[in-house]
Each structure stands twice: as C-alpha cells, then as structure tokens.
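Student: Dropping in data_15.txt, with compact mmCIF, C-alpha atoms.
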```txt
# COMPACT_ATOMS: atom_id res chain seq x y z
CA MET A 1456 79.53 102.40 112.80
CA LYS A 1457 81.50 105.59 113.28
CA LEU A 1458 83.64 107.53 110.81
CA TYR A 1459 86.23 109.89 112.25
CA GLY A 1460 86.95 112.37 109.49
CA TYR A 1461 87.23 115.98 108.47
CA TRP A 1462 85.17 117.74 105.83
CA ARG A 1463 88.15 118.64 103.63
CA SER A 1464 90.12 115.40 104.06
CA SER A 1465 90.29 113.68 100.67
CA ALA A 1466 90.79 110.31 102.33
CA ALA A 1467 87.69 110.69 104.54
CA TYR A 1468 85.74 111.91 101.47
CA ARG A 1469 86.58 108.60 99.72
CA VAL A 1470 85.09 106.61 102.60
CA ARG A 1471 81.98 108.83 102.74
CA ILE A 1472 81.29 108.08 99.06
CA ALA A 1473 81.77 104.33 99.67
CA LEU A 1474 79.34 104.37 102.60
CA ASN A 1475 76.76 106.27 100.53
CA LEU A 1476 77.08 103.95 97.53
CA LYS A 1477 76.59 100.95 99.81
CA GLN A 1478 73.76 102.73 101.63
CA LEU A 1479 75.47 102.31 104.98
CA VAL A 1480 74.99 104.84 107.75
CA ALA A 1481 77.89 105.76 110.03
CA GLU A 1482 77.96 108.39 112.73
CA GLN A 1483 80.33 111.15 111.56
CA VAL A 1484 82.81 112.42 114.13
CA SER A 1485 84.80 115.51 113.15
CA VAL A 1486 88.54 115.66 113.86
CA HIS A 1487 89.68 119.19 113.03
CA LEU A 1488 92.98 118.92 111.16
CA VAL A 1489 94.01 122.55 111.75
CA ASN A 1490 92.55 123.82 115.05
CA ASN A 1491 94.54 123.27 118.26
CA GLY A 1492 97.62 122.23 116.29
CA GLY A 1493 95.57 119.48 114.63
CA GLU A 1494 93.12 117.49 116.75
CA GLN A 1495 94.39 114.28 115.08
CA HIS A 1496 97.44 114.62 117.34
CA SER A 1497 95.34 114.63 120.54
CA GLU A 1498 95.97 111.83 123.03
CA MET A 1499 92.43 110.55 122.59
CA PHE A 1500 92.70 110.26 118.79
CA ALA A 1501 96.28 108.94 118.79
CA ALA A 1502 95.08 106.09 121.02
CA LEU A 1503 92.49 105.25 118.35
CA ASN A 1504 94.90 105.68 115.43
CA PRO A 1505 98.65 105.73 116.16
CA GLN A 1506 99.19 107.17 112.69
CA GLN A 1507 97.31 110.32 113.77
CA LEU A 1508 95.56 110.55 110.43
CA VAL A 1509 91.93 110.61 109.38
CA PRO A 1510 89.89 108.69 108.51
CA ALA A 1511 89.46 106.12 111.25
CA PHE A 1512 86.49 103.81 111.08
CA VAL A 1513 84.83 101.98 113.95
CA ASP A 1514 82.77 98.85 113.33
CA SER A 1515 81.91 95.89 115.55
CA ASN A 1516 81.67 92.12 115.39
CA ASP A 1517 80.84 89.40 117.96
CA ASP A 1518 84.00 90.29 119.88
CA GLY A 1519 83.05 93.95 120.20
CA GLU A 1520 84.12 97.25 118.65
CA PHE A 1521 87.31 97.71 116.66
CA CYS A 1522 88.92 100.58 114.81
CA LEU A 1523 90.27 100.46 111.26
CA THR A 1524 92.55 102.99 109.58
CA GLN A 1525 93.78 103.95 106.09
CA SER A 1526 90.98 104.87 103.68
CA MET A 1527 91.87 102.25 101.06
CA ALA A 1528 91.94 99.46 103.66
CA ILE A 1529 88.64 100.69 105.11
CA ILE A 1530 87.03 100.64 101.66
CA GLU A 1531 88.34 97.12 100.92
CA TYR A 1532 86.86 96.10 104.29
CA LEU A 1533 83.48 97.62 103.41
CA GLU A 1534 83.65 95.83 100.05
CA GLU A 1535 84.27 92.44 101.70
CA GLN A 1536 81.83 92.89 104.56
CA TYR A 1537 79.03 94.72 102.74
CA PRO A 1538 79.13 93.45 99.16
CA GLN A 1539 76.07 95.37 97.89
CA SER A 1540 76.89 97.91 95.13
CA PRO A 1541 80.36 96.42 94.53
CA LEU A 1542 83.22 98.88 94.10
CA LEU A 1543 85.50 96.39 92.36
CA PRO A 1544 84.80 94.48 89.12
CA LYS A 1545 84.47 90.69 88.99
CA THR A 1546 87.60 89.30 87.34
CA PRO A 1547 91.03 89.40 89.02
CA LYS A 1548 92.45 91.18 85.96
CA ASP A 1549 89.83 93.95 86.02
CA ARG A 1550 90.07 94.24 89.78
CA ALA A 1551 93.83 94.74 89.43
CA ILE A 1552 93.34 97.44 86.80
CA VAL A 1553 90.84 99.28 89.00
CA ARG A 1554 93.06 99.01 92.08
CA ALA A 1555 96.05 100.27 90.07
CA MET A 1556 94.14 103.26 88.70
CA ALA A 1557 92.96 104.07 92.23
CA GLN A 1558 96.48 103.70 93.60
CA SER A 1559 97.83 106.00 90.91
CA ILE A 1560 95.99 108.65 92.95
CA ALA A 1561 96.20 107.17 96.45
CA CYS A 1562 99.91 106.27 96.26
CA GLU A 1563 101.27 108.75 93.70
CA ILE A 1564 99.37 112.03 94.04
CA HIS A 1565 97.56 112.35 97.35
CA PRO A 1566 100.52 111.42 99.62
CA LEU A 1567 102.59 114.21 98.07
CA ASP A 1568 99.93 116.90 98.04
CA ASN A 1569 98.13 116.46 101.34
CA LEU A 1570 97.99 119.00 104.13
CA ARG A 1571 100.75 117.67 106.36
CA VAL A 1572 103.23 117.47 103.50
CA LEU A 1573 102.48 121.00 102.31
CA GLN A 1574 102.81 122.21 105.91
CA PHE A 1575 106.18 120.46 106.25
CA LEU A 1576 107.44 122.00 103.01
CA VAL A 1577 106.60 125.49 104.23
CA LYS A 1578 107.40 125.24 107.95
CA GLU A 1579 110.38 122.88 107.96
CA MET A 1580 111.88 123.14 104.48
CA GLY A 1581 111.51 126.91 104.15
CA VAL A 1582 109.70 126.60 100.83
CA ASP A 1583 107.78 129.72 99.74
CA GLU A 1584 104.18 129.89 98.51
CA GLU A 1585 105.18 129.89 94.83
CA ALA A 1586 107.40 126.81 95.16
CA LYS A 1587 104.70 125.06 97.19
CA MET A 1588 102.22 125.62 94.37
CA LYS A 1589 104.76 124.39 91.79
CA TRP A 1590 105.17 121.20 93.85
CA TYR A 1591 101.40 120.74 94.22
CA HIS A 1592 100.67 121.25 90.53
CA HIS A 1593 103.56 119.04 89.40
CA TRP A 1594 102.29 115.89 91.11
CA ILE A 1595 98.71 116.46 90.01
CA HIS A 1596 99.77 116.82 86.37
CA ILE A 1597 102.11 113.81 86.41
CA GLY A 1598 99.39 111.65 87.96
CA PHE A 1599 96.41 112.95 85.98
CA LYS A 1600 98.26 112.66 82.67
CA ALA A 1601 98.75 108.92 83.23
CA LEU A 1602 95.23 108.43 84.57
CA GLU A 1603 93.68 110.32 81.63
CA SER A 1604 95.52 107.98 79.28
CA GLN A 1605 94.16 104.91 81.11
CA MET A 1606 90.66 106.40 81.14
CA LYS A 1607 90.73 106.67 77.35
CA THR A 1608 90.83 102.88 77.38
CA TYR A 1609 88.66 102.02 80.36
CA SER A 1610 86.21 104.80 81.18
CA GLY A 1611 82.48 104.84 80.52
CA LYS A 1612 80.17 106.97 82.60
CA TYR A 1613 82.66 106.34 85.38
CA CYS A 1614 86.45 105.89 85.42
CA PHE A 1615 86.15 102.17 84.74
CA GLY A 1616 83.00 101.26 82.84
CA ASP A 1617 79.49 102.38 83.69
CA THR A 1618 79.32 101.74 87.42
CA PRO A 1619 81.22 103.48 90.19
CA THR A 1620 84.42 101.83 91.40
CA LEU A 1621 87.29 102.48 93.78
CA VAL A 1622 88.84 104.74 91.12
CA ASP A 1623 85.97 107.23 91.24
CA LEU A 1624 86.15 107.26 95.04
CA CYS A 1625 89.75 108.44 94.73
CA LEU A 1626 89.37 110.69 91.70
CA ILE A 1627 86.49 112.91 92.82
CA PRO A 1628 88.16 114.06 96.07
CA GLN A 1629 91.45 114.58 94.23
CA VAL A 1630 89.78 116.78 91.59
CA TYR A 1631 88.00 118.71 94.34
CA ASN A 1632 91.38 119.31 95.91
CA ALA A 1633 93.09 120.23 92.63
CA LYS A 1634 90.39 122.81 91.91
CA ARG A 1635 90.96 124.40 95.32
CA PHE A 1636 94.59 124.87 94.25
CA ASN A 1637 93.56 126.28 90.86
CA VAL A 1638 95.06 123.48 88.76
CA ASP A 1639 94.12 123.86 85.09
CA LEU A 1640 92.45 120.57 84.15
CA THR A 1641 91.55 121.27 80.52
CA ASP A 1642 94.05 118.67 79.29
CA TYR A 1643 92.05 115.95 81.03
CA PRO A 1644 88.65 115.77 79.27
CA ASN A 1645 87.85 112.26 80.50
CA ILE A 1646 88.65 113.16 84.09
CA LEU A 1647 86.46 116.27 83.88
CA ARG A 1648 83.61 114.39 82.21
CA VAL A 1649 83.53 111.70 84.91
CA TRP A 1650 83.92 114.33 87.63
CA THR A 1651 80.84 116.20 86.33
CA TYR A 1652 78.83 113.00 86.04
CA CYS A 1653 79.74 111.75 89.52
CA ASN A 1654 78.81 115.02 91.14
CA GLN A 1655 75.31 114.64 89.73
CA GLN A 1656 74.87 111.38 91.65
CA PRO A 1657 73.53 111.72 95.20
CA ALA A 1658 76.10 109.28 96.70
CA PHE A 1659 78.90 111.56 95.52
CA ALA A 1660 77.12 114.89 95.98
CA ASP A 1661 76.12 114.13 99.58
CA ALA A 1662 79.73 113.17 100.42
CA ALA A 1663 81.13 116.51 99.19
CA PRO A 1664 83.07 118.55 101.76
CA GLU A 1665 80.64 121.48 101.80
CA GLN A 1666 77.76 119.13 102.68
CA GLN A 1667 79.40 117.96 105.91
CA ALA A 1668 78.30 119.20 109.32
CA ASP A 1669 81.81 120.41 110.20
CA ALA A 1670 82.27 122.46 107.00
CA THR A 1671 83.11 126.09 107.68
CA MET B 146 104.82 85.89 83.54
CA LYS B 147 107.17 88.85 83.31
CA LEU B 148 108.17 91.37 85.96
CA TYR B 149 109.56 94.70 84.77
CA GLY B 150 111.55 96.05 87.69
CA TYR B 151 114.79 97.50 88.93
CA TRP B 152 117.04 96.01 91.59
CA ARG B 153 116.76 98.98 93.95
CA SER B 154 113.07 99.75 93.40
CA SER B 155 111.27 99.13 96.71
CA ALA B 156 108.00 98.55 94.89
CA ALA B 157 109.50 95.90 92.57
CA TYR B 158 111.19 94.32 95.62
CA ARG B 159 107.73 93.87 97.21
CA VAL B 160 106.49 91.96 94.17
CA ARG B 161 109.64 89.81 94.04
CA ILE B 162 109.01 88.69 97.62
CA ALA B 163 105.36 87.90 96.83
CA LEU B 164 106.35 85.80 93.81
CA ASN B 165 108.93 83.90 95.88
CA LEU B 166 106.51 83.23 98.75
CA LYS B 167 103.95 81.90 96.29
CA GLN B 168 106.67 79.94 94.45
CA LEU B 169 105.82 81.60 91.16
CA VAL B 170 108.48 82.16 88.52
CA ALA B 171 108.44 85.33 86.42
CA GLU B 172 111.00 86.45 83.87
CA GLN B 173 112.74 89.54 85.29
CA VAL B 174 113.18 92.45 82.91
CA SER B 175 115.36 95.30 84.13
CA VAL B 176 114.27 98.92 83.58
CA HIS B 177 117.15 101.13 84.66
CA LEU B 178 115.70 104.05 86.65
CA VAL B 179 118.78 106.25 86.31
CA ASN B 180 120.60 105.52 83.03
CA ASN B 181 119.53 107.37 79.87
CA GLY B 182 117.42 109.80 81.91
CA GLY B 183 115.47 106.85 83.32
CA GLU B 184 114.52 104.00 80.99
CA GLN B 185 111.01 104.02 82.52
CA HIS B 186 110.37 107.13 80.41
CA SER B 187 111.23 105.36 77.14
CA GLU B 188 108.49 105.16 74.52
CA MET B 189 108.47 101.37 74.77
CA PHE B 190 107.96 101.30 78.52
CA ALA B 191 105.50 104.21 78.60
CA ALA B 192 103.32 102.25 76.18
CA LEU B 193 103.32 99.38 78.67
CA ASN B 194 102.77 101.61 81.72
CA PRO B 195 101.58 105.19 81.13
CA GLN B 196 102.59 105.98 84.72
CA GLN B 197 106.22 105.35 83.72
CA LEU B 198 106.92 103.59 87.00
CA VAL B 199 108.18 100.14 87.90
CA PRO B 200 107.05 97.51 88.58
CA ALA B 201 104.88 96.41 85.68
CA PHE B 202 103.72 92.82 85.61
CA VAL B 203 102.67 90.80 82.57
CA ASP B 204 100.42 87.77 82.93
CA SER B 205 98.01 86.09 80.52
CA ASN B 206 94.55 84.57 80.46
CA ASP B 207 92.37 83.02 77.70
CA ASP B 208 92.20 86.40 75.96
CA GLY B 209 95.98 86.78 75.80
CA GLU B 210 98.65 88.80 77.59
CA PHE B 211 97.92 91.84 79.73
CA CYS B 212 100.00 94.22 81.80
CA LEU B 213 99.28 95.25 85.39
CA THR B 214 100.82 98.14 87.30
CA GLN B 215 101.15 99.43 90.88
CA SER B 216 102.86 96.97 93.21
CA MET B 217 100.00 96.76 95.73
CA ALA B 218 97.48 96.04 92.97
CA ILE B 219 99.82 93.43 91.46
CA ILE B 220 100.17 91.71 94.84
CA GLU B 221 96.39 91.69 95.43
CA TYR B 222 96.07 90.16 91.95
CA LEU B 223 98.62 87.46 92.77
CA GLU B 224 96.74 86.81 96.03
CA GLU B 225 93.41 86.34 94.21
CA GLN B 226 94.77 84.37 91.29
CA TYR B 227 97.40 82.26 93.09
CA PRO B 228 96.00 81.71 96.61
CA GLN B 229 98.81 79.43 97.85
CA SER B 230 100.81 80.88 100.80
CA PRO B 231 98.20 83.60 101.45
CA LEU B 232 99.53 87.10 102.12
CA LEU B 233 96.33 88.29 103.80
CA PRO B 234 94.65 86.81 106.91
CA LYS B 235 91.20 85.21 106.80
CA THR B 236 88.75 87.58 108.48
CA PRO B 237 87.74 90.93 106.97
CA LYS B 238 88.80 92.68 110.18
CA ASP B 239 92.30 91.16 110.16
CA ARG B 240 92.64 91.73 106.44
CA ALA B 241 91.81 95.39 106.97
CA ILE B 242 94.41 95.69 109.73
CA VAL B 243 97.09 94.09 107.53
CA ARG B 244 96.19 96.26 104.54
CA ALA B 245 96.28 99.39 106.72
CA MET B 246 99.68 98.52 108.20
CA ALA B 247 101.00 97.89 104.68
CA GLN B 248 99.50 101.15 103.43
CA SER B 249 101.10 103.04 106.30
CA ILE B 250 104.29 102.33 104.35
CA ALA B 251 102.97 102.24 100.77
CA CYS B 252 100.84 105.40 101.06
CA GLU B 253 102.60 107.38 103.81
CA ILE B 254 106.35 106.72 103.58
CA HIS B 255 107.40 105.33 100.23
CA PRO B 256 105.61 107.93 98.02
CA LEU B 257 107.46 110.71 99.82
CA ASP B 258 110.89 109.13 99.90
CA ASN B 259 111.23 107.48 96.53
CA LEU B 260 113.77 108.37 93.88
CA ARG B 261 111.68 110.63 91.67
CA VAL B 262 110.52 112.73 94.62
CA LEU B 263 114.05 113.16 96.00
CA GLN B 264 115.21 114.07 92.49
CA PHE B 265 112.44 116.68 92.18
CA LEU B 266 113.32 118.20 95.56
CA VAL B 267 116.94 118.67 94.51
CA LYS B 268 116.58 119.55 90.84
CA GLU B 269 113.34 121.54 90.79
CA MET B 270 112.93 122.84 94.34
CA GLY B 271 116.59 123.75 94.87
CA VAL B 272 116.78 121.75 98.11
CA ASP B 273 120.32 120.97 99.31
CA GLU B 274 121.66 117.57 100.41
CA GLU B 275 121.16 118.28 104.11
CA ALA B 276 117.53 119.34 103.69
CA LYS B 277 116.89 116.35 101.45
CA MET B 278 118.15 114.03 104.20
CA LYS B 279 116.02 115.84 106.78
CA TRP B 280 112.96 115.26 104.56
CA TYR B 281 113.84 111.60 104.00
CA HIS B 282 114.42 110.87 107.70
CA HIS B 283 111.31 112.77 108.81
CA TRP B 284 108.86 110.61 106.86
CA ILE B 285 110.58 107.38 107.86
CA HIS B 286 110.40 108.28 111.55
CA ILE B 287 106.77 109.48 111.42
CA GLY B 288 105.75 106.28 109.66
CA PHE B 289 107.90 103.80 111.58
CA LYS B 290 106.85 105.24 114.94
CA ALA B 291 103.20 104.46 114.18
CA LEU B 292 104.00 101.06 112.67
CA GLU B 293 106.17 100.08 115.65
CA SER B 294 103.25 100.88 117.95
CA GLN B 295 100.91 98.66 115.87
CA MET B 296 103.52 95.89 115.78
CA LYS B 297 103.59 95.83 119.60
CA THR B 298 100.00 94.63 119.34
CA TYR B 299 100.05 92.47 116.23
CA SER B 300 103.54 91.17 115.48
CA GLY B 301 104.81 87.64 116.00
CA LYS B 302 107.70 86.32 113.95
CA TYR B 303 106.37 88.61 111.23
CA CYS B 304 104.65 92.01 111.31
CA PHE B 305 101.23 90.42 111.77
CA GLY B 306 101.39 87.05 113.49
CA ASP B 307 103.67 84.18 112.57
CA THR B 308 103.27 84.02 108.81
CA PRO B 309 104.37 86.57 106.22
CA THR B 310 101.77 89.08 105.03
CA LEU B 311 101.50 92.12 102.82
CA VAL B 312 102.98 94.20 105.66
CA ASP B 313 106.31 92.34 105.57
CA LEU B 314 106.44 92.73 101.79
CA CYS B 315 106.30 96.50 102.30
CA LEU B 316 108.42 96.73 105.44
CA ILE B 317 111.53 94.85 104.33
CA PRO B 318 112.18 97.00 101.23
CA GLN B 319 111.47 100.16 103.23
CA VAL B 320 113.99 99.18 105.94
CA TYR B 321 116.53 98.32 103.23
CA ASN B 322 116.00 101.79 101.83
CA ALA B 323 116.14 103.53 105.23
CA LYS B 324 119.45 101.83 105.99
CA ARG B 325 120.89 103.10 102.72
CA PHE B 326 120.05 106.60 103.93
CA ASN B 327 121.58 105.94 107.37
CA VAL B 328 118.36 106.26 109.35
CA ASP B 329 118.88 105.30 113.00
CA LEU B 330 116.33 102.55 113.68
CA THR B 331 117.15 101.74 117.32
CA ASP B 332 113.80 103.15 118.48
CA TYR B 333 112.00 100.42 116.51
CA PRO B 334 112.92 97.08 118.10
CA ASN B 335 109.94 95.20 116.66
CA ILE B 336 110.66 96.46 113.16
CA LEU B 337 114.34 95.45 113.47
CA ARG B 338 113.47 92.04 114.92
CA VAL B 339 111.09 91.22 112.05
CA TRP B 340 113.53 92.62 109.51
CA THR B 341 116.27 90.30 110.79
CA TYR B 342 113.96 87.30 110.83
CA CYS B 343 112.60 87.92 107.31
CA ASN B 344 116.07 88.26 105.84
CA GLN B 345 116.85 84.75 107.09
CA GLN B 346 114.00 83.34 104.98
CA PRO B 347 114.93 82.42 101.38
CA ALA B 348 111.83 84.07 99.86
CA PHE B 349 112.97 87.40 101.26
CA ALA B 350 116.72 86.90 100.93
CA ASP B 351 116.48 85.91 97.26
CA ALA B 352 114.40 89.01 96.52
CA ALA B 353 116.99 91.39 97.97
CA PRO B 354 118.36 94.06 95.61
CA GLU B 355 121.94 92.78 95.65
CA GLN B 356 120.75 89.34 94.51
CA GLN B 357 119.23 90.66 91.29
CA ALA B 358 120.91 90.24 87.91
CA ASP B 359 120.86 94.00 87.24
CA ALA B 360 122.50 94.95 90.57
CA THR B 361 125.64 97.03 90.12
```
Just give me the structure as structure tokens.
Tutor:
Amino acid sequence: MKLYGYWRSSAAYRVRIALNLKQLVAEQVSVHLVNNGGEQHSEMFAALNPQQLVPAFVDSNDDGEFCLTQSMAIIEYLEEQYPQSPLLPKTPKDRAIVRAMAQSIACEIHPLDNLRVLQFLVKEMGVDEEAKMKWYHHWIHIGFKALESQMKTYSGKYCFGDTPTLVDLCLIPQVYNAKRFNVDLTDYPNILRVWTYCNQQPAFADAAPEQQADAT
Amino acid sequence: MKLYGYWRSSAAYRVRIALNLKQLVAEQVSVHLVNNGGEQHSEMFAALNPQQLVPAFVDSNDDGEFCLTQSMAIIEYLEEQYPQSPLLPKTPKDRAIVRAMAQSIACEIHPLDNLRVLQFLVKEMGVDEEAKMKWYHHWIHIGFKALESQMKTYSGKYCFGDTPTLVDLCLIPQVYNAKRFNVDLTDYPNILRVWTYCNQQPAFADAAPEQQADAT
C-alpha cells in the first residue's frame, strides 16, 4: 500500500490517522504542494489522480494495483476492507450522525480554507492578507460552533463516544490547521478537550505533520 | 419521514433523487434560504440542525424520531437502511471510486459555490459581480475537468456504469446550478450526455427544483 500525501495536508493527515488506528502500514510518498508550482500538478501525479489533489492511495487486489482518491472515500474503503478498530459505530443512525459530524468539517470548513482556495483568493481575486484571514477564521468559527454544539450531546473521550471515529480523523487535522492560523478556540471547550486527548494517543501523535519525513 | 429542504438547494436535490430512486416517500418541508434573512437560521430550525443548513432528514426507529443532517450522510443512511435500488456498487474498490467521484463534487465544487459562500464573498469580502462569477466558474471548471476525465473511464448510461449511483445524485444538481450561472459546458461531453439521460428518468425529473411545491 502506498499513500501519496504531504506533511501539512489535512486530508492526508486524516488518512494517516486511519492507517495508524487500523495498524496498517503504507509506504509514504511525498507530493510537495508548494515547490515547483505544486508537484500535484506534475504529469506523473495527474495521471494517478486527475483531480491533482493529495491524498492518493494505492492498494491492490487479485486484478492488480489501483489508485483511490478523496480522503473520505479512502477512509470508507479502509473501513470496509480492513474492519479492525472500526471508525464508524454500529447502527445506521449512529453511523449517519458520525458521518454528518465528519462532513461538517470535510464539506463545510476544509474545502473553503485549504491551500489552493487561499492561494486563489490572493492571486486571482486580489484579496489582501487581512481579508484572507477574515475568510479563514469565519469558516472555522461557523463550522466549529455547530460541531461544538453536537459534541455537547455526543462526545466522550472522543468526538462521538469513547472510541475514535471518522469525526476525530477530520477534527484533529482541522484544529492543527486552525492553530497555525491563530484562530482563538476558547469558545470550543469540547473540541479542545478531545484535541488534547487525541494527541496523547500514538495513532494520532505519529500522524502529526511534524512527525512526517517530508516535514520542513 | 420528513425532508427539510429548499427547491434550489443542490444538497436537498441530491436527497430527493435518492428517495425517488429507492421509491421512498418523505413529507417535504420547505425552509426558505433567502426570505426573512434565511429561515435556516430560525430558532426552530437551528434546534433541529445546529449547522443551520438544509437538508435535514427526520426518520424514526424503536426509540422514536431522530434528525439527520448533511446530504451525503443522509444518502449513506438511506443506502444502509433501505438497500433497494443500491446507489453504491458491490466491491469496496468500486464503492471507493464512486464515493470519490461524488466527493469531487460534494467536497471540491459545491462547498465553494453555494449560496452562503457567494453571499459572503459579496457582502463581507466586497467582491463585485464579475469577480464572483469568475470564482464560481473557476471551481466548476477545475472540478468538472477532473470528473470528465474519470467519466471517460467509468461512465456508461450513468456516471459509473449503467445504473444510477451517488455520483449522479451529486452531478445532476451541480449541472443544474452551473447552467443557472451560464457556465459553458461544451468541454464536458460525458457530463452533458449523462445529464441529458438522467433528466429523462422520472426519479431525476421529479426531483428537479422547478417540480417542487416551494418553487417560485
């Protein structure tokens, strides 16, 4: 198995945590998102993933190797194919709640605040640094406010109960990212509590950006 | 079952198609996204969905009624709970490909081009109409270019093979939306072919915005 990622990519970080929790080992291949105009746009990588985004994940079956894309789809694949340490609860209702909490980050925060969007705002929309930060902070606060409210109902040691789920895989990278951009998170005590707890667990700690071979 | 939606919401449109394909009937409750500053921000609706977004979906089990949010989570729930007319293929590999193609819309296009983001660009970022359109078109083209390339490999009558999947549920509302914003789609023959075919099927046609009771 091979994971094409980048140390600071939140989406690759999610998959690294999933692999660690399931005790799966994948060769890590670094795709530098900034150098050379972004190595994800290289011909070689675009052939692997036409979306030109990390992560991309290579696994194999009886028919040979194949490449999967989109972190949430990769994690659902890992969940179906390698069911140890499940990342989704058992009942359809609880699974839907966990997927929705995860998507409140993966579909409502991360797509707006990721590198390529911030680059487009600055380079193509002529937005200045202050407005860029306003944009970044806005979507974090909107999303975290709703998630914090759901965590009041559902969280235990983790975002949903006392075992790690898909929500934690999305939350921890998003908090890492928010802290880089100096977002004040004091209004989100449940988010901060779970973030602290997760980072004490080896599966999360070993997946952290600074622990990756391509970290600079 | 109850679906809180809005005729022009792409995410609610996805769920309407899923319900139709599975021949499930849900009471439709309209939440007007523009009137009164957006009825999704009302106290009543925020209690139902702290994210203050449509769709929200109410179903019940032995313990009573419960409310689910996030269109992709709702559709996965419908798929698990009501397996007739499956929206995902059988093998984990194919399921991952379908989920990734769907997420290339749900996580890479729609979050950037939906109403609240366009409103924020204009009202809070001071972006003018021309720049707003540039933004809108950019993310459609980036996303559709990649999807078109995947559809060359995987599409049949539908985006993935000859039966409708999660990808079609995401694509048809996104094309509807892109056409509203006058995006030129001639570079995407596979997308246009599937779009035309889907709209000839009652499950898709009946879910179209203009067919909804709250359409104006």
Student: May I have the residues within 7 Å of region 1606-1611 of chain A as JSON, numbers by chain, using only C-alpha atoms and disregarding those fewer than 5 positions away in the same chain?
Tutor: {"A": [1616, 1617, 1645]}
Student: Near chain B, meaning an atom within 6 Å, which residues of chain A appear when counting only C-alpha atoms? Write them as a ChimeraX atom specification.
Tutor: /A:1505-1506,1524-1525,1528,1532,1547,1551,1554-1555,1562,1601
Student: Measuring atom to atom with all atoms listed in the file, identify which of A:Pro1664, A:Gly1493, A:Pro1657, A:Gly1460 is nearest to Gln1574 (chain A).
Tutor: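 Of A:Pro1664, A:Gly1493, A:Pro1657, A:Gly1460, the one nearest Gln1574 (chain A), counting all atoms listed in the file, is A:Gly1493.
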Student: For Asn1654 (chain A), which residue among A:Asn1491, A:Thr1620, A:Val1513, A:Tyr1613 is the nearest when counting only C-alpha atoms?
Tutor: A:Tyr1613
Student: Under the rule that all atoms listed in the file are counted, which of A:Ala1668, A:Val1638, A:Leu1624, A:Leu1458 is the nearest residue to Ile1472 (chain A)?
Tutor: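 For Ile1472 (chain A), the nearest of the candidates is A:Leu1624.
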Student: Can you measure CA of Ala1511 (chain A) to CA of Tyr1459 (chain A) for me? One decimal in Å is fine.
Tutor: 5.1 Å
Student: Report, as JSON, the axis-aligned box around all atoms of region 182-188 of chain B present in the file, extended by 4 Å on each side; give centre and edge lengths in Å to one decimal place.
Tutor:
```
{"center_x": 113.0, "center_y": 106.9, "center_z": 78.9, "size_x": 16.9, "size_y": 13.8, "size_z": 16.8}
```
Student: Using only C-alpha atoms, find the one residue out of B:Ala192, B:Ala352, B:Met146, B:Ser230 that sits nearest to Val170 (chain B).
Tutor: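 With only C-alpha atoms as the atom set, the closest residue is B:Met146.
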Student: Suppose you want the space between CA of Leu260 (chain B) and CA of Tyr281 (chain B); what is it in Å?
Tutor: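 A separation of 10.6 Å between them.
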Student: To one decimal in Å, tell me the separation between CA of Ala1660 (chain A) and CA of Phe1500 (chain A).
Tutor: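 Computed distance, CA of Ala1660 (chain A) to CA of Phe1500 (chain A), equals 28.0 Å.
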Student: I'd like to know which of B:Lys147, B:Phe305, B:Ser187, B:Arg153 is closest to Glu355 (chain B), using all atoms listed in the file.
Tutor: B:Arg153
Student: With distances taken over all atoms listed in the file, which residue among B:Gln357, B:Ala163, B:Pro200, B:Phe326 lies nearest Glu274 (chain B)?
Tutor: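 Closest residue, counting all atoms listed in the file: B:Phe326.
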Student: Give me the residues within 10 Å of Phe1659 (chain A) as a ChimeraX atom specification, counting all atoms listed in the file and dropping any in the same chain fewer than 6 places off.
Tutor: /A:1468-1469,1471-1473,1475-1476,1619,1623-1624,1627-1628,1650,1652-1653
Student: With N, CA, C and O atoms as the goal, would you fill in the gaps in region 262-274 of chain B and present it as a short mmCIF file (atom, residue, chain, number, x, y, z; two decimals), in the coordinates of the input?
Tutor:
```cif
data_model
loop_
_atom_site.label_atom_id
_atom_site.label_comp_id
_atom_site.auth_asym_id
_atom_site.auth_seq_id
_atom_site.Cartn_x
_atom_site.Cartn_y
_atom_site.Cartn_z
N VAL B 262 110.85 111.61 93.74
CA VAL B 262 110.52 112.73 94.62
C VAL B 262 111.80 113.40 95.15
O VAL B 262 111.91 114.62 95.15
N LEU B 263 112.77 112.59 95.54
CA LEU B 263 114.05 113.16 96.00
C LEU B 263 114.73 113.92 94.86
O LEU B 263 115.29 115.00 95.07
N GLN B 264 114.64 113.37 93.66
CA GLN B 264 115.21 114.07 92.49
C GLN B 264 114.52 115.41 92.27
O GLN B 264 115.15 116.42 91.98
N PHE B 265 113.20 115.44 92.39
CA PHE B 265 112.44 116.68 92.18
C PHE B 265 112.80 117.72 93.24
O PHE B 265 112.95 118.91 92.93
N LEU B 266 112.94 117.28 94.48
CA LEU B 266 113.32 118.20 95.56
C LEU B 266 114.64 118.89 95.25
O LEU B 266 114.78 120.10 95.41
N VAL B 267 115.61 118.12 94.77
CA VAL B 267 116.94 118.67 94.51
C VAL B 267 116.96 119.49 93.22
O VAL B 267 117.40 120.64 93.21
N LYS B 268 116.43 118.90 92.15
CA LYS B 268 116.58 119.55 90.84
C LYS B 268 115.59 120.68 90.61
O LYS B 268 115.90 121.66 89.94
N GLU B 269 114.37 120.55 91.11
CA GLU B 269 113.34 121.54 90.79
C GLU B 269 113.02 122.48 91.96
O GLU B 269 112.52 123.57 91.75
N MET B 270 113.27 122.01 93.19
CA MET B 270 112.93 122.84 94.34
C MET B 270 114.18 123.49 94.94
O MET B 270 114.08 124.25 95.90
N GLY B 271 115.36 123.14 94.40
CA GLY B 271 116.59 123.75 94.87
C GLY B 271 116.98 123.37 96.30
O GLY B 271 117.69 124.10 96.98
N VAL B 272 116.49 122.21 96.75
CA VAL B 272 116.78 121.75 98.11
C VAL B 272 118.20 121.19 98.15
O VAL B 272 118.61 120.49 97.24
N ASP B 273 118.95 121.51 99.22
CA ASP B 273 120.32 120.97 99.31
C ASP B 273 120.33 119.58 99.95
O ASP B 273 119.31 119.09 100.44
N GLU B 274 121.51 118.96 99.95
CA GLU B 274 121.66 117.57 100.41
C GLU B 274 121.20 117.41 101.86
O GLU B 274 120.52 116.44 102.20
#
```
